[in-house]
>>> print(open('work_36.txt').read())   # compact mmCIF, C-alpha atoms
# COMPACT_ATOMS: atom_id res chain seq x y z
CA MET I 18 -43.21 -60.54 5.97
CA ASN I 19 -41.68 -60.10 2.53
CA ALA I 20 -44.27 -57.48 1.54
CA ASP I 21 -43.63 -55.64 4.81
CA SER I 22 -39.85 -55.54 4.32
CA ALA I 23 -40.32 -54.51 0.69
CA SER I 24 -42.53 -51.59 1.72
CA LYS I 25 -40.00 -50.67 4.43
CA ALA I 26 -37.23 -50.61 1.80
CA ALA I 27 -39.41 -48.49 -0.51
CA ARG I 28 -40.10 -46.01 2.31
CA SER I 29 -36.41 -45.85 3.08
CA ARG I 30 -35.61 -45.12 -0.58
CA ILE I 31 -38.24 -42.39 -0.65
CA LEU I 32 -36.84 -40.89 2.55
CA TRP I 33 -33.33 -40.87 1.10
CA ALA I 34 -34.62 -39.16 -2.06
CA GLN I 35 -36.42 -36.58 0.07
CA MET I 36 -33.33 -35.95 2.18
CA LEU I 37 -31.28 -35.52 -1.01
CA ILE I 38 -33.74 -32.90 -2.32
CA LEU I 39 -33.63 -31.06 1.02
CA ALA I 40 -29.80 -31.21 1.09
CA LEU I 41 -29.62 -29.74 -2.44
CA CYS I 42 -32.01 -26.97 -1.37
CA ALA I 43 -29.90 -26.27 1.72
CA TYR I 44 -26.77 -26.13 -0.48
CA ALA I 45 -28.47 -23.70 -2.90
CA ILE I 46 -29.53 -21.35 -0.10
CA ALA I 47 -26.15 -21.59 1.65
CA ALA I 48 -24.32 -20.83 -1.63
CA LEU I 49 -26.57 -17.85 -2.23
CA ALA I 50 -26.03 -16.51 1.31
CA TRP I 51 -22.27 -17.15 1.17
CA SER I 52 -21.83 -15.32 -2.16
CA PHE I 53 -24.16 -12.41 -1.39
CA PRO I 54 -24.15 -9.59 -2.52
CA TYR I 55 -22.37 -11.21 -5.49
CA PRO I 56 -24.20 -13.82 -7.58
CA SER I 57 -24.52 -17.38 -6.37
CA PRO I 58 -22.48 -19.94 -8.35
CA LEU I 59 -25.81 -21.54 -9.32
CA ILE I 60 -27.08 -18.50 -11.22
CA LYS I 61 -23.71 -17.19 -12.41
CA PRO I 62 -23.72 -19.16 -15.69
CA LEU I 63 -27.08 -17.58 -16.57
CA LEU I 64 -25.90 -14.00 -16.14
CA PRO I 65 -24.12 -11.79 -18.71
CA PRO I 66 -20.42 -11.15 -17.86
CA LYS I 67 -20.97 -7.69 -16.33
CA LEU I 68 -23.51 -9.09 -13.87
CA ARG I 69 -21.67 -12.39 -13.38
CA TRP I 70 -18.56 -10.62 -12.11
CA PRO I 71 -19.59 -7.20 -10.72
CA SER I 72 -16.89 -4.52 -10.73
CA GLN I 73 -16.80 -4.37 -6.89
CA GLU I 74 -15.99 -8.08 -6.79
CA ILE I 75 -13.23 -7.71 -9.40
CA SER I 76 -11.80 -4.71 -7.52
CA ALA I 77 -11.68 -6.85 -4.37
CA TRP I 78 -9.81 -9.57 -6.29
CA VAL I 79 -7.35 -6.96 -7.54
CA GLU I 80 -6.72 -5.81 -3.97
CA GLU I 81 -6.20 -9.40 -2.81
CA GLY I 82 -4.23 -10.41 -5.91
CA GLU I 83 -6.39 -13.51 -6.30
CA PHE I 84 -8.86 -13.99 -9.12
CA ASP I 85 -11.73 -16.33 -9.73
CA SER I 86 -10.49 -18.89 -12.27
CA ASP I 87 -13.61 -18.54 -14.47
CA PHE I 88 -13.12 -14.76 -14.62
CA ALA I 89 -9.41 -15.20 -15.35
CA ARG I 90 -10.28 -17.49 -18.29
CA TYR I 91 -12.88 -15.02 -19.55
CA PHE I 92 -10.47 -12.11 -19.15
CA ALA I 93 -7.71 -13.91 -21.07
CA ARG I 94 -9.88 -14.53 -24.13
CA ASP I 95 -8.38 -13.49 -27.45
CA PRO I 96 -10.96 -13.71 -30.21
CA ASP I 97 -10.05 -13.37 -33.87
CA ARG I 98 -11.24 -10.17 -35.51
CA SER I 99 -12.11 -9.40 -39.09
CA VAL I 100 -9.98 -6.40 -39.97
CA PRO I 101 -11.67 -4.02 -42.44
CA PRO I 102 -9.72 -3.70 -45.68
CA GLY I 103 -8.51 -0.45 -47.22
CA ALA I 104 -6.78 2.53 -45.70
CA THR I 105 -9.11 3.01 -42.75
CA LEU I 106 -7.62 3.10 -39.28
CA VAL I 107 -8.97 0.54 -36.83
CA SER I 108 -9.47 0.77 -33.10
CA PRO I 109 -6.40 -0.35 -31.14
CA ALA I 110 -8.51 -1.87 -28.37
CA ASP I 111 -11.95 -2.83 -27.15
CA GLY I 112 -13.67 -0.26 -25.00
CA ILE I 113 -15.44 3.06 -24.89
CA VAL I 114 -14.12 6.08 -26.79
CA GLN I 115 -13.42 8.41 -23.88
CA ASP I 116 -11.76 11.28 -25.66
CA ILE I 117 -10.67 12.52 -29.05
CA ALA I 118 -8.23 15.41 -28.70
CA TYR I 119 -5.91 17.41 -30.92
CA ILE I 120 -2.96 18.65 -28.90
CA GLY I 121 0.30 20.04 -30.24
CA GLY I 122 0.00 18.63 -33.75
CA THR I 123 -1.08 15.17 -32.62
CA THR I 124 -4.54 13.64 -32.57
CA TYR I 125 -5.25 11.43 -29.57
CA LEU I 126 -7.94 8.79 -29.53
CA VAL I 127 -8.51 7.53 -25.99
CA VAL I 128 -10.17 4.14 -25.55
CA GLY I 129 -11.14 3.18 -21.99
CA LEU I 130 -11.19 -0.56 -21.34
CA SER I 131 -13.50 -2.04 -18.74
CA PHE I 132 -12.88 -5.25 -16.82
CA TRP I 133 -15.08 -7.14 -19.28
CA ASP I 134 -13.46 -5.97 -22.52
CA VAL I 135 -10.93 -8.02 -24.48
CA HIS I 136 -7.55 -6.73 -23.30
CA VAL I 137 -5.53 -7.61 -26.41
CA VAL I 138 -4.21 -4.43 -28.04
CA ARG I 139 -3.88 -4.23 -31.83
CA THR I 140 -2.25 -2.00 -34.38
CA PRO I 141 -4.55 0.74 -35.73
CA ILE I 142 -2.58 0.82 -38.99
CA ALA I 143 0.05 -1.28 -40.76
CA GLY I 144 3.63 -0.27 -40.05
CA THR I 145 7.04 -1.19 -38.76
CA VAL I 146 7.80 -1.14 -35.06
CA LYS I 147 10.25 1.69 -34.42
CA SER I 148 10.45 1.51 -30.67
CA ILE I 149 8.84 0.12 -27.54
CA ASP I 150 9.25 2.42 -24.54
CA MET I 151 8.17 1.75 -20.99
CA GLU I 152 7.18 4.83 -19.03
CA GLY I 153 6.09 5.15 -15.42
CA SER I 154 7.86 1.86 -15.15
CA TYR I 155 7.57 -0.78 -12.51
CA LEU I 156 10.20 0.85 -10.31
CA GLU I 157 9.52 4.52 -10.99
CA ARG I 158 5.80 4.80 -10.79
CA LEU I 159 5.32 7.36 -8.06
CA ALA I 160 4.60 10.20 -10.46
CA PRO I 161 3.99 10.28 -14.22
CA PRO I 162 6.37 12.25 -16.41
CA ALA I 163 5.57 15.97 -16.47
CA LYS I 164 4.60 15.82 -20.14
CA LEU I 165 1.94 13.24 -19.41
CA GLN I 166 0.59 15.16 -16.41
CA GLU I 167 -0.36 17.94 -18.83
CA MET I 168 -2.56 15.58 -20.83
CA HIS I 169 -6.07 16.09 -19.57
CA PHE I 170 -7.23 12.54 -20.32
CA LEU I 171 -4.69 11.12 -17.90
CA ARG I 172 -6.03 13.16 -15.00
CA GLY I 173 -7.01 10.87 -12.16
CA LYS I 174 -4.43 8.27 -12.99
CA ALA I 175 -1.89 9.14 -10.34
CA ALA I 176 0.83 6.78 -11.50
CA PRO I 177 0.04 5.08 -14.76
CA VAL I 178 2.35 2.37 -16.01
CA GLN I 179 2.72 2.71 -19.74
CA ALA I 180 4.13 1.02 -22.82
CA VAL I 181 4.43 3.29 -25.83
CA ILE I 182 4.77 1.52 -29.16
CA THR I 183 5.87 3.70 -32.05
CA LEU I 184 5.05 2.48 -35.54
CA ALA I 185 6.55 3.92 -38.72
CA THR I 186 3.61 4.13 -41.11
CA PRO I 187 2.71 5.89 -44.37
CA ARG I 188 0.83 8.44 -42.21
CA GLY I 189 3.99 9.17 -40.20
CA ASP I 190 4.88 7.90 -36.75
CA VAL I 191 1.79 6.47 -35.06
CA LYS I 192 1.99 5.67 -31.37
CA VAL I 193 -0.09 3.22 -29.41
CA ARG I 194 0.06 4.01 -25.71
CA MET I 195 -1.00 1.18 -23.42
CA ILE I 196 -1.75 2.44 -19.93
CA THR I 197 -2.54 0.49 -16.84
CA SER I 198 -3.07 1.60 -13.29
CA TYR I 199 -0.68 1.56 -10.37
CA TRP I 200 -2.24 -1.50 -8.76
CA ALA I 201 -2.54 -3.56 -11.91
CA SER I 202 0.88 -2.46 -13.26
CA ARG I 203 1.21 -5.32 -15.71
CA LEU I 204 1.63 -4.87 -19.45
CA LYS I 205 2.82 -7.36 -22.02
CA THR I 206 4.08 -6.59 -25.50
CA TRP I 207 4.59 -9.31 -28.09
CA ILE I 208 6.52 -7.33 -30.70
CA TYR I 209 10.09 -6.23 -31.31
CA PRO I 210 11.68 -3.20 -33.00
CA GLY I 211 11.95 -3.66 -36.75
CA GLN I 212 9.01 -6.05 -36.91
CA LYS I 213 6.55 -5.38 -39.74
CA LEU I 214 2.93 -5.44 -38.62
CA ALA I 215 -0.29 -5.48 -40.58
CA LYS I 216 -3.31 -3.45 -39.57
CA GLY I 217 -5.16 -5.10 -36.70
CA ASP I 218 -2.25 -7.31 -35.65
CA ARG I 219 -1.92 -8.16 -31.98
CA ILE I 220 0.77 -6.12 -30.23
CA GLY I 221 0.27 -6.81 -26.56
CA ARG I 222 -2.03 -7.21 -23.63
CA ILE I 223 -3.00 -5.08 -20.64
CA MET I 224 -3.53 -7.25 -17.61
CA LEU I 225 -6.42 -5.26 -16.15
CA GLY I 226 -8.94 -2.62 -17.17
CA SER I 227 -7.27 0.59 -18.26
CA THR I 228 -6.65 2.78 -21.27
CA VAL I 229 -5.21 2.57 -24.76
CA ILE I 230 -4.41 5.74 -26.68
CA ALA I 231 -3.71 5.95 -30.41
CA GLU I 232 -1.58 9.00 -31.18
CA LEU I 233 -1.68 10.06 -34.82
CA PRO I 234 0.40 12.77 -36.40
CA GLY I 235 -1.58 15.77 -37.62
CA ARG I 236 -5.30 16.31 -37.42
CA THR I 237 -7.37 13.17 -38.00
CA ALA I 238 -11.13 13.13 -38.41
CA PHE I 239 -12.65 10.06 -36.76
CA GLU I 240 -15.93 8.43 -37.66
CA VAL I 241 -16.41 7.14 -34.11
CA LYS I 242 -18.06 9.27 -31.44
CA LEU I 243 -17.39 9.84 -27.76
CA GLY I 244 -19.02 7.13 -25.65
CA GLN I 245 -19.17 4.66 -28.54
CA HIS I 246 -18.06 1.09 -27.85
CA VAL I 247 -15.32 0.03 -30.27
CA SER I 248 -13.67 -3.34 -30.95
CA GLY I 249 -9.92 -3.65 -31.36
CA GLY I 250 -8.83 -4.50 -34.87
CA SER I 251 -12.33 -4.45 -36.34
CA THR I 252 -14.01 -1.08 -35.71
CA ALA I 253 -13.03 1.34 -38.46
CA LEU I 254 -12.07 4.70 -36.97
CA THR I 255 -11.84 6.68 -40.20
CA MET I 256 -13.43 6.67 -43.65
CA HIS I 257 -10.08 6.66 -45.45
CA MET X 26 -48.07 -33.48 9.37
CA PHE X 27 -44.50 -33.48 8.04
CA TRP X 28 -43.62 -37.09 8.98
CA ILE X 29 -45.77 -39.88 7.55
CA ASP X 30 -45.08 -43.54 8.09
CA GLY X 31 -41.27 -43.48 7.94
CA ARG X 32 -40.85 -40.71 5.38
CA LEU X 33 -41.43 -37.01 4.97
CA ALA X 34 -44.69 -35.63 3.64
CA TRP X 35 -44.24 -34.82 -0.03
CA PRO X 36 -46.02 -31.41 0.15
CA ALA X 37 -43.42 -30.27 2.69
CA VAL X 38 -40.52 -31.42 0.49
CA VAL X 39 -42.06 -29.88 -2.63
CA ALA X 40 -42.70 -26.64 -0.72
CA VAL X 41 -39.03 -26.42 0.31
CA LEU X 42 -37.91 -27.17 -3.27
CA PHE X 43 -40.33 -24.62 -4.70
CA SER X 44 -39.28 -21.96 -2.18
CA THR X 45 -35.59 -22.52 -2.95
CA LEU X 46 -36.13 -22.24 -6.70
CA ALA X 47 -38.30 -19.16 -6.15
CA VAL X 48 -35.59 -17.49 -4.05
CA LEU X 49 -33.00 -18.22 -6.78
CA ALA X 50 -35.38 -16.85 -9.41
CA ILE X 51 -36.01 -13.70 -7.34
CA ASP X 52 -32.26 -13.22 -6.89
CA PHE X 53 -31.78 -13.62 -10.67
CA ALA X 54 -34.58 -11.13 -11.36
CA TRP X 55 -33.13 -8.64 -8.86
CA ARG X 56 -29.81 -8.74 -10.75
CA THR X 57 -31.15 -8.63 -14.29
CA VAL X 58 -34.49 -6.79 -14.30
CA GLN X 59 -34.39 -3.03 -14.01
CA ALA X 60 -37.20 -2.90 -11.45
CA PRO X 61 -37.37 -1.27 -8.00
CA VAL X 62 -36.34 -3.54 -5.14
CA TRP X 63 -39.67 -3.04 -3.31
CA LEU X 64 -41.55 -4.29 -6.37
CA LEU X 65 -39.37 -7.39 -6.60
CA ALA X 66 -39.76 -8.00 -2.85
CA ILE X 67 -43.57 -7.80 -3.05
CA ALA X 68 -43.64 -10.00 -6.17
CA GLY X 69 -41.28 -12.51 -4.52
CA ALA X 70 -43.31 -12.65 -1.31
CA GLY X 71 -46.48 -13.12 -3.37
CA ILE X 72 -44.97 -15.95 -5.41
CA LEU X 73 -43.71 -17.73 -2.27
CA LEU X 74 -47.02 -17.37 -0.43
CA ALA X 75 -49.24 -18.34 -3.35
CA GLY X 76 -47.01 -21.23 -4.46
CA ASN X 77 -46.65 -22.77 -1.03
CA THR X 78 -50.36 -22.36 -0.28
CA ALA X 79 -51.20 -24.10 -3.56
CA ILE X 80 -48.77 -26.94 -2.83
CA PHE X 81 -50.26 -27.60 0.62
CA ILE X 82 -53.86 -27.34 -0.59
CA ILE X 83 -53.19 -29.76 -3.46
CA GLY X 84 -51.17 -32.05 -1.15
CA ALA X 85 -53.94 -32.14 1.49
CA ARG X 86 -56.70 -33.19 -0.94
CA PRO X 87 -58.22 -36.57 -0.07
CA ARG X 88 -57.34 -39.31 -2.56
>>> encode(input="work_36.txt", output="structure tokens")
Amino acid sequence: MNADSASKAARSRILWAQMLILALCAYAIAALAWSFPYPSPLIKPLLPPKLRWPSQEISAWVEEGEFDSDFARYFARDPDRSVPPGATLVSPADGIVQDIAYIGGTTYLVVGLSFWDVHVVRTPIAGTVKSIDMEGSYLERLAPPAKLQEMHFLRGKAAPVQAVITLATPRGDVKVRMITSYWASRLKTWIYPGQKLAKGDRIGRIMLGSTVIAELPGRTAFEVKLGQHVSGGSTALTMH
Amino acid sequence: MFWIDGRLAWPAVVAVLFSTLAVLAIDFAWRTVQAPVWLLAIAGAGILLAGNTAIFIIGARPR
């Protein structure tokens, strides 16, 4: 009698264990089907960021205005950077060098940020903040100023929201132009006019993937090439 | 075959577990490996078929 009830209890325990395994399997398959075509939460931690949060999924979050909390944490990261010493200019942001142009006495270095890049913008050179101007502002963002429409690297951005930070530096006035798109339309700057900044210092944040442009007076020869991935505050742009 | 004396047959449970893990692995491979989808589908079907067959053959052996 005792042996029989003991074996019954053992069978019951085994059955419960089996049901638990089957329930976990059902959960795994349901999670995969629910998330498809995006990655299941079970394999997400194993994937690199670009595959973990595909651009289509992030675009959908932007449309809805709701973001996955893990992505939001990843996006808000602000790692320290080792700023190269000397007189070299450094990249103002993380991203791909999309254009290097010399127009009207100014050299423009255009860095395109993707959703997965660090979005903290840094000073390319030490200097004093002269001004912080908002253009294509939150209220007037239906059309960019005519001057900006002429700039070929802004083509396709129908209504960019911009913050232009002008730094007085030994090289002359250097501008850092932070651009975000119409639907993101959120920029933050952490500096004030008159503030002295070292090279590579943090100056602000763009809330979603967009563009940062360093505008340097005169003709500047860059060491970086088009299509190269650069890191804000740490990739040297010039030899001197 | 799947119900033995008040519990499930272990080969059936192991087969479900194996198939689930295989599907997750195939999904992971599809996202990370730069291989054509048809190749991954054939490889995935092969893994599922061979694995489940092996589990049932081993599970059905007399002890």
>>> atom_distance(input="work_36.txt", atom1="CA of Ser22 (chain I)", atom2="CA of Gly31 (chain X)")
12.7 Å
>>> residues_around(input="work_36.txt", residues="Leu64 (chain X)", least_positions_apart="6", cutoff="12 Å", atoms="all atoms listed in the file", output="list of chain:residue names")
X:Ile51, X:Ala54, X:Trp55, X:Val58, X:Ala70, X:Gly71
>>> closest_atom_pairs(input="work_36.txt", of="chain I", to="chain X", cutoff="10 Å", atoms="only C-alpha atoms", output="Markdown table")
| residue | atom | partner | partner_atom | distance |
| --- | --- | --- | --- | --- |
| I:Lys25 | CA | X:Gly31 | CA | 8.1 |
| I:Ala27 | CA | X:Arg32 | CA | 9.9 |
| I:Arg28 | CA | X:Arg32 | CA | 6.2 |
| I:Ser29 | CA | X:Arg32 | CA | 7.2 |
| I:Arg30 | CA | X:Arg32 | CA | 9.1 |
| I:Ile31 | CA | X:Arg32 | CA | 6.8 |
| I:Leu32 | CA | X:Arg32 | CA | 4.9 |
| I:Trp33 | CA | X:Arg32 | CA | 8.7 |
| I:Ala34 | CA | X:Arg32 | CA | 9.8 |
| I:Gln35 | CA | X:Val38 | CA | 6.6 |
| I:Met36 | CA | X:Leu33 | CA | 8.6 |
| I:Ile38 | CA | X:Leu42 | CA | 7.2 |
| I:Leu39 | CA | X:Val38 | CA | 6.9 |
| I:Leu41 | CA | X:Leu42 | CA | 8.7 |
| I:Cys42 | CA | X:Thr45 | CA | 5.9 |
| I:Ala43 | CA | X:Thr45 | CA | 8.3 |
| I:Tyr44 | CA | X:Thr45 | CA | 9.8 |
| I:Ala45 | CA | X:Thr45 | CA | 7.2 |
| I:Ile46 | CA | X:Thr45 | CA | 6.8 |
| I:Leu49 | CA | X:Leu49 | CA | 7.9 |
| I:Phe53 | CA | X:Asp52 | CA | 9.8 |
| I:Pro54 | CA | X:Asp52 | CA | 9.9 |
| I:Tyr55 | CA | X:Arg56 | CA | 9.4 |
| I:Pro56 | CA | X:Asp52 | CA | 8.1 |
| I:Ser57 | CA | X:Leu49 | CA | 8.5 |
| I:Leu59 | CA | X:Leu49 | CA | 8.3 |
| I:Ile60 | CA | X:Phe53 | CA | 6.8 |
| I:Lys61 | CA | X:Phe53 | CA | 9.0 |
| I:Leu63 | CA | X:Phe53 | CA | 8.5 |
| I:Leu64 | CA | X:Thr57 | CA | 7.7 |
| I:Pro65 | CA | X:Thr57 | CA | 8.9 |
| I:Leu68 | CA | X:Arg56 | CA | 7.0 |
| I:Arg69 | CA | X:Arg56 | CA | 9.3 |
>>> closest_residue(input="work_36.txt", among="I:Thr105, I:Thr252, I:Thr145, I:Thr140", to="Gly189 (chain I)", atoms="all atoms listed in the file")
I:Thr145
>>> closest_residue(input="work_36.txt", among="X:Ile83, X:Val62, X:Phe27, X:Asn77", to="Ala47 (chain X)", atoms="only C-alpha atoms")
X:Asn77
>>> atom_distance(input="work_36.txt", atom1="CA of Pro58 (chain I)", atom2="CA of Pro71 (chain I)")
13.3 Å
>>> residues_around(input="work_36.txt", residues="Pro36 (chain X)", least_positions_apart="5", cutoff="8 Å", atoms="only C-alpha atoms", output="compact mmCIF listing (two decimals) with C-alpha atoms, keeping the file's coordinate frame")
# COMPACT_ATOMS: atom_id res chain seq x y z
CA ILE X 80 -48.77 -26.94 -2.83
CA PHE X 81 -50.26 -27.60 0.62
CA GLY X 84 -51.17 -32.05 -1.15
>>> residues_around(input="work_36.txt", residues="region 109-124 of chain I", least_positions_apart="2", cutoff="7 Å", atoms="only C-alpha atoms", output="ChimeraX atom specification")
/I:107,126-131,134-135,137-141,229,231-237,242-250
>>> atom_distance(input="work_36.txt", atom1="CA of Gln212 (chain I)", atom2="CA of Thr183 (chain I)")
11.3 Å
>>> build_atoms(input="work_36.txt", residues="region 51-81 of chain X", atoms="N, CA and C atoms", output="compact mmCIF listing (two decimals), keeping the file's coordinate frame")
# COMPACT_ATOMS: atom_id res chain seq x y z
N ILE X 51 -35.87 -15.10 -7.79
CA ILE X 51 -36.01 -13.70 -7.34
C ILE X 51 -34.64 -13.03 -7.34
N ASP X 52 -33.63 -13.76 -6.89
CA ASP X 52 -32.26 -13.22 -6.89
C ASP X 52 -31.82 -12.90 -8.32
N PHE X 53 -32.12 -13.82 -9.25
CA PHE X 53 -31.78 -13.62 -10.67
C PHE X 53 -32.49 -12.38 -11.21
N ALA X 54 -33.79 -12.27 -10.87
CA ALA X 54 -34.58 -11.13 -11.36
C ALA X 54 -34.02 -9.83 -10.79
N TRP X 55 -33.66 -9.83 -9.52
CA TRP X 55 -33.13 -8.64 -8.86
C TRP X 55 -31.86 -8.15 -9.58
N ARG X 56 -31.07 -9.11 -10.09
CA ARG X 56 -29.81 -8.74 -10.75
C ARG X 56 -30.00 -8.34 -12.22
N THR X 57 -31.03 -8.85 -12.84
CA THR X 57 -31.15 -8.63 -14.29
C THR X 57 -32.27 -7.66 -14.69
N VAL X 58 -33.36 -7.63 -13.92
CA VAL X 58 -34.49 -6.79 -14.30
C VAL X 58 -34.32 -5.41 -13.68
N GLN X 59 -34.51 -4.40 -14.51
CA GLN X 59 -34.39 -3.03 -14.01
C GLN X 59 -35.69 -2.63 -13.33
N ALA X 60 -35.96 -3.22 -12.17
CA ALA X 60 -37.20 -2.90 -11.45
C ALA X 60 -36.84 -2.49 -10.02
N PRO X 61 -37.68 -1.67 -9.38
CA PRO X 61 -37.37 -1.27 -8.00
C PRO X 61 -37.34 -2.49 -7.07
N VAL X 62 -36.50 -2.41 -6.06
CA VAL X 62 -36.34 -3.54 -5.14
C VAL X 62 -37.65 -3.85 -4.41
N TRP X 63 -38.42 -2.80 -4.05
CA TRP X 63 -39.67 -3.04 -3.31
C TRP X 63 -40.67 -3.84 -4.15
N LEU X 64 -40.63 -3.58 -5.47
CA LEU X 64 -41.55 -4.29 -6.37
C LEU X 64 -41.15 -5.77 -6.45
N LEU X 65 -39.85 -6.01 -6.55
CA LEU X 65 -39.37 -7.39 -6.60
C LEU X 65 -39.66 -8.11 -5.28
N ALA X 66 -39.51 -7.38 -4.16
CA ALA X 66 -39.76 -8.00 -2.85
C ALA X 66 -41.22 -8.40 -2.72
N ILE X 67 -42.13 -7.49 -3.14
CA ILE X 67 -43.57 -7.80 -3.05
C ILE X 67 -43.90 -8.97 -3.98
N ALA X 68 -43.37 -8.91 -5.21
CA ALA X 68 -43.64 -10.00 -6.17
C ALA X 68 -43.09 -11.33 -5.64
N GLY X 69 -41.89 -11.29 -5.06
CA GLY X 69 -41.28 -12.51 -4.52
C GLY X 69 -42.08 -13.08 -3.38
N ALA X 70 -42.51 -12.18 -2.45
CA ALA X 70 -43.31 -12.65 -1.31
C ALA X 70 -44.62 -13.26 -1.80
N GLY X 71 -45.22 -12.62 -2.81
CA GLY X 71 -46.48 -13.12 -3.37
C GLY X 71 -46.31 -14.49 -3.99
N ILE X 72 -45.22 -14.66 -4.76
CA ILE X 72 -44.97 -15.95 -5.41
C ILE X 72 -44.76 -17.04 -4.35
N LEU X 73 -43.98 -16.73 -3.32
CA LEU X 73 -43.71 -17.73 -2.27
C LEU X 73 -45.00 -18.12 -1.54
N LEU X 74 -45.79 -17.11 -1.19
CA LEU X 74 -47.02 -17.37 -0.43
C LEU X 74 -48.01 -18.17 -1.27
N ALA X 75 -48.24 -17.69 -2.49
CA ALA X 75 -49.24 -18.34 -3.35
C ALA X 75 -48.78 -19.76 -3.72
N GLY X 76 -47.52 -19.91 -4.06
CA GLY X 76 -47.01 -21.23 -4.46
C GLY X 76 -47.09 -22.23 -3.34
N ASN X 77 -46.64 -21.83 -2.16
CA ASN X 77 -46.65 -22.77 -1.03
C ASN X 77 -48.07 -23.11 -0.59
N THR X 78 -48.96 -22.10 -0.63
CA THR X 78 -50.36 -22.36 -0.28
C THR X 78 -50.94 -23.39 -1.25
N ALA X 79 -50.68 -23.18 -2.55
CA ALA X 79 -51.20 -24.10 -3.56
C ALA X 79 -50.65 -25.51 -3.35
N ILE X 80 -49.38 -25.61 -3.04
CA ILE X 80 -48.77 -26.94 -2.83
C ILE X 80 -49.43 -27.66 -1.66
N PHE X 81 -49.66 -26.95 -0.56
CA PHE X 81 -50.26 -27.60 0.62
C PHE X 81 -51.73 -27.92 0.39
